[in-house]
Structures are given as C-alpha cells and as structure tokens.
$ cat input.pdb   # PDB, C-alpha atoms
ATOM      1  CA  MET A  18       0.000   0.000   0.000
ATOM      2  CA  ALA A  19       1.288   3.465  -0.887
ATOM      3  CA  GLN A  20       2.095   5.938   1.848
ATOM      4  CA  THR A  21      -0.752   8.396   2.415
ATOM      5  CA  ASN A  22       0.348  11.881   1.484
ATOM      6  CA  TYR A  23      -0.725  15.234   0.113
ATOM      7  CA  GLN A  24       1.927  17.330  -1.631
ATOM      8  CA  ALA A  25       1.592  20.772  -3.181
ATOM      9  CA  ALA A  26       3.628  23.169  -5.279
ATOM     10  CA  ILE A  27       2.744  26.580  -6.712
ATOM     11  CA  SER A  28       4.162  28.191  -9.843
ATOM     12  CA  GLN A  29       2.863  31.219 -11.728
ATOM     13  CA  ARG A  30      -0.537  31.208  -9.967
ATOM     14  CA  THR A  31      -1.016  27.496 -10.666
ATOM     15  CA  CYS A  32      -1.280  24.964  -7.852
ATOM     16  CA  TYR A  33      -0.103  21.402  -8.407
ATOM     17  CA  LEU A  34      -1.431  18.882  -5.888
ATOM     18  CA  GLN A  35      -0.460  15.253  -5.623
ATOM     19  CA  LEU A  36      -2.707  12.967  -3.591
ATOM     20  CA  THR A  37      -1.164   9.609  -2.728
ATOM     21  CA  GLY A  38      -2.478   6.472  -1.042
ATOM     22  CA  ARG A  39      -5.715   5.942   0.870
ATOM     23  CA  LEU A  40      -7.091   9.350   1.742
ATOM     24  CA  THR A  41      -9.477   9.106   4.678
ATOM     25  CA  TYR A  42     -11.002  11.456   7.221
ATOM     26  CA  LEU A  43      -8.160  10.649   9.639
ATOM     27  CA  ILE A  44      -5.871  13.163   7.903
ATOM     28  CA  SER A  45      -8.424  15.335   6.120
ATOM     29  CA  SER A  46      -8.370  18.220   8.624
ATOM     30  CA  VAL A  47      -4.895  19.279   7.519
ATOM     31  CA  PHE A  48      -5.937  19.078   3.849
ATOM     32  CA  ASP A  49      -8.951  21.247   4.704
ATOM     33  CA  GLN A  50      -6.680  23.794   6.415
ATOM     34  CA  PHE A  51      -4.446  23.854   3.329
ATOM     35  CA  ILE A  52      -7.459  24.465   1.071
ATOM     36  CA  GLU A  53      -8.771  27.222   3.348
ATOM     37  CA  LYS A  54      -5.392  28.963   3.297
ATOM     38  CA  LEU A  55      -5.159  28.621  -0.489
ATOM     39  CA  ILE A  56      -8.631  30.153  -0.890
ATOM     40  CA  GLU A  57      -7.991  32.884   1.686
ATOM     41  CA  GLU A  58      -4.734  33.989   0.089
ATOM     42  CA  CYS A  59      -6.187  33.671  -3.412
ATOM     43  CA  LYS A  60      -2.751  32.820  -4.812
ATOM     44  CA  VAL A  61      -3.883  30.613  -7.674
ATOM     45  CA  ASN A  62      -6.186  30.736 -10.664
ATOM     46  CA  GLN A  63      -5.599  27.161 -11.881
ATOM     47  CA  ILE A  64      -5.322  23.843 -10.074
ATOM     48  CA  TYR A  65      -4.001  20.473 -11.240
ATOM     49  CA  VAL A  66      -4.569  17.462  -9.008
ATOM     50  CA  ASP A  67      -2.459  14.383  -9.728
ATOM     51  CA  LEU A  68      -4.445  11.308  -8.719
ATOM     52  CA  HIS A  69      -2.103   8.779 -10.320
ATOM     53  CA  ASN A  70      -1.139   7.205  -6.985
ATOM     54  CA  THR A  71      -4.461   7.710  -5.221
ATOM     55  CA  ASP A  72      -5.819   4.353  -4.102
ATOM     56  CA  PHE A  73      -8.945   5.551  -2.294
ATOM     57  CA  LEU A  74     -10.862   8.758  -1.528
ATOM     58  CA  ASP A  75     -13.451   8.710   1.232
ATOM     59  CA  SER A  76     -16.476  11.014   1.309
ATOM     60  CA  THR A  77     -14.665  13.608   3.431
ATOM     61  CA  ASN A  78     -11.842  13.950   0.913
ATOM     62  CA  LEU A  79     -14.312  13.983  -1.986
ATOM     63  CA  VAL A  80     -16.065  16.937  -0.351
ATOM     64  CA  LEU A  81     -12.734  18.738   0.114
ATOM     65  CA  LEU A  82     -11.775  18.095  -3.502
ATOM     66  CA  ALA A  83     -15.194  19.369  -4.603
ATOM     67  CA  LYS A  84     -14.741  22.455  -2.410
ATOM     68  CA  LEU A  85     -11.494  23.227  -4.200
ATOM     69  CA  CYS A  86     -13.048  22.683  -7.644
ATOM     70  CA  VAL A  87     -16.127  24.797  -6.885
ATOM     71  CA  TYR A  88     -13.953  27.623  -5.523
ATOM     72  CA  LEU A  89     -11.908  27.710  -8.723
ATOM     73  CA  LEU A  90     -15.001  27.576 -10.912
ATOM     74  CA  GLU A  91     -16.832  30.343  -9.030
ATOM     75  CA  LYS A  92     -13.842  32.634  -8.472
ATOM     76  CA  HIS A  93     -11.978  32.231 -11.778
ATOM     77  CA  GLN A  94     -14.457  30.518 -14.111
ATOM     78  CA  GLU A  95     -11.896  27.735 -14.597
ATOM     79  CA  ARG A  96     -12.331  24.040 -14.000
ATOM     80  CA  ALA A  97      -9.660  22.251 -12.005
ATOM     81  CA  CYS A  98      -7.884  19.413 -13.780
ATOM     82  CA  LEU A  99      -8.015  16.011 -12.081
ATOM     83  CA  CYS A 100      -5.233  14.043 -13.740
ATOM     84  CA  SER A 101      -4.509  10.331 -14.189
ATOM     85  CA  PRO A 102      -7.011   8.786 -11.824
ATOM     86  CA  ASN A 103      -7.000   5.002 -11.747
ATOM     87  CA  GLU A 104     -10.191   3.372 -13.021
ATOM     88  CA  ASN A 105     -11.762   3.005  -9.551
ATOM     89  CA  VAL A 106     -11.131   6.636  -8.624
ATOM     90  CA  LYS A 107     -12.231   7.821 -12.081
ATOM     91  CA  THR A 108     -15.492   5.887 -11.781
ATOM     92  CA  LEU A 109     -16.052   7.361  -8.317
ATOM     93  CA  LEU A 110     -15.425  10.920  -9.544
ATOM     94  CA  GLN A 111     -17.742  10.448 -12.528
ATOM     95  CA  SER A 112     -20.511   8.903 -10.413
ATOM     96  CA  MET A 113     -20.310  11.874  -8.032
ATOM     97  CA  GLY A 114     -20.658  14.392 -10.881
ATOM     98  CA  PHE A 115     -17.136  15.805 -10.784
ATOM     99  CA  GLU A 116     -17.201  16.211 -14.573
ATOM    100  CA  ASP A 117     -19.510  19.209 -13.984
ATOM    101  CA  ILE A 118     -16.932  21.047 -11.893
ATOM    102  CA  ALA A 119     -13.576  19.685 -13.101
ATOM    103  CA  LYS A 120     -11.812  18.206 -16.088
ATOM    104  CA  ILE A 121     -10.872  14.550 -15.645
ATOM    105  CA  GLU A 122      -7.855  13.825 -17.823
ATOM    106  CA  LYS A 123      -5.654  10.814 -18.531
ATOM    107  CA  GLN A 124      -2.283  12.559 -18.685
ATOM    108  CA  PRO A 125      -0.339  13.182 -15.485
ATOM    109  CA  ALA A 126       0.064  16.612 -13.962
ATOM    110  CA  THR A 127       3.684  17.634 -13.580
ATOM    111  CA  SER A 128       4.768  20.772 -11.837
ATOM    112  CA  PRO A 129       7.497  22.859 -13.457
ATOM    113  CA  ASP A 130      11.022  22.827 -12.054
ATOM    114  CA  ASP A 131      10.597  26.362 -10.696
ATOM    115  CA  ALA A 132       7.489  25.493  -8.668
ATOM    116  CA  GLU A 133       7.658  26.510  -5.027
ATOM    117  CA  GLN A 134       7.017  23.506  -2.804
ATOM    118  CA  VAL A 135       4.304  24.190  -0.261
ATOM    119  CA  ASN A 136       4.543  22.539   3.136
ATOM    120  CA  THR A 137       1.212  20.869   3.705
ATOM    121  CA  ASN A 138       2.286  19.461   7.091
ATOM    122  CA  ILE A 139       0.260  16.335   6.500
ATOM    123  CA  PRO A 140       1.756  13.360   8.295
ATOM    124  CA  SER A 141       0.950   9.851   7.196
ATOM    125  CA  PRO A 142      -1.342   8.113   9.643
ATOM    126  CA  ARG A 143      -0.038   5.146  11.526
ATOM    127  CA  PRO A 144      -1.218   1.819  10.133
ATOM    128  CA  THR A 145      -4.155   0.388  12.019
ATOM    129  CA  ALA A 146      -4.211  -3.211  13.161
TER     130      ALA A 146
END
$ encode --input "input.pdb" --output "structure tokens"
Amino acid sequence: MAQTNYQAAISQRTCYLQLTGRLTYLISSVFDQFIEKLIEECKVNQIYVDLHNTDFLDSTNLVLLAKLCVYLLEKHQERACLCSPNENVKTLLQSMGFEDIAKIEKQPATSPDDAEQVNTNIPSPRPTA
C-alpha cells in the first residue's frame, strides 16, 4: 500500500497537488486547512490534481476536492484538472458528478522545475491493526 500523502507546489498562480495512497477522514483536517489557506490567500487561478497514486478517496476527501473545484469555478471561471485517476477513482469521480466542476484527464500533472514547494504538514497516519 502506498504511503498516504498530500503534496503541493505553486508556480505562476497554478497549484499542483499530488494525492497519494488511501485518503481518509483521519488526515483530512490538515488538507482542509491547506485548502482554506489557499482560498484565503487567493494565490492561484488554476489547479491540477495528480491522482495517479491515489488508491482511495473517502467522502470527506471527496467533499474537500469538490470544495477546491467549486472555488476555482466560481472565483476564476476555470475548472480544475483532475489528472490520471486510476479506473476506480475515475469511476467514483464520474458517479459523483465531478465532470460538472472539473476536467478529468488521462495525462499526469507535472509541476514545473521552478514550482515553489508548499509545506502541507500532512503526516501519514499510523497503520491500524
């Protein structure tokens, strides 16, 4: 199983997020804080979310992802790009109507070399028995 992680980088008003592993409510509060700060500071007008290594998104993380997509759509009239989801995640996103608020694309999102890494301070949860 992949390590659970959120990573972010910002370059030229574009945010690149990478969501890795099984994303559950156990670590979602820090992701929510990151999103709130991103919205509050209004630093970006485009968002790419790399879902290539995302194994699972629970309802809490789906809501947070939707929050991010809706913000971008309402504030900048742009749809976030959800990149390279595996078939299970893609099916989940489509069944939840994410195609109305985001673009779901096959190609991976890569941040440019000059992107400023953003500390998301999201620790991986300890494995449960």
$ closest_residue --input "input.pdb" --among "A:Ser45, A:Asn62, A:Gln24, A:Gln50" --to "Gln94 of chain A" --atoms "all atoms listed in the file"
A:Asn62
$ closest_residue --input "input.pdb" --among "A:Met113, A:Val47, A:Ile52, A:Leu99" --to "Leu79 of chain A" --atoms "all atoms listed in the file"
A:Met113
$ atom_distance --input "input.pdb" --atom1 "atom CA of Thr37 of chain A" --atom2 "atom CA of Thr21 of chain A"
5.3 Å
$ resolve_selection --input "input.pdb" --expression "the PyMOL selection byres ((chain A and resi 90) around 12)" --output "list of chain:residue names"
A:Val61, A:Asn62, A:Gln63, A:Ile64, A:Ala83, A:Lys84, A:Leu85, A:Cys86, A:Val87, A:Tyr88, A:Leu89, A:Glu91, A:Lys92, A:His93, A:Gln94, A:Glu95, A:Arg96, A:Ala97, A:Cys98, A:Phe115, A:Asp117, A:Ile118, A:Ala119, A:Lys120
$ resolve_selection --input "input.pdb" --expression "the PyMOL selection byres ((chain A and resi 25) around 6)" --output "PyMOL selection string"
chain A and resi 24+26+33-34+135
$ residues_around --input "input.pdb" --residues "Asp67 of chain A" --least-positions-apart "2" --cutoff "7 Å" --atoms "only C-alpha atoms" --output "ChimeraX atom specification"
/A:34-36,65,69,99-101,125-126
$ atom_distance --input "input.pdb" --atom1 "atom CA of Glu57 of chain A" --atom2 "atom CA of Lys107 of chain A"
28.9 Å
$ atom_distance --input "input.pdb" --atom1 "atom CA of Leu40 of chain A" --atom2 "atom CA of Phe73 of chain A"
5.8 Å
$ closest_residue --input "input.pdb" --among "A:Asn70, A:Cys59, A:Thr108, A:Cys32" --to "Gln20 of chain A" --atoms "all atoms listed in the file"
A:Asn70
$ residues_around --input "input.pdb" --residues "Tyr42 of chain A" --least-positions-apart "3" --cutoff "10 Å" --atoms "all atoms listed in the file" --output "MDAnalysis selection string"
chainID A and resid 39 45:48 74:78
$ closest_residue --input "input.pdb" --among "A:Gly38, A:Glu58, A:Leu43, A:Glu122" --to "Leu110 of chain A" --atoms "all atoms listed in the file"
A:Glu122
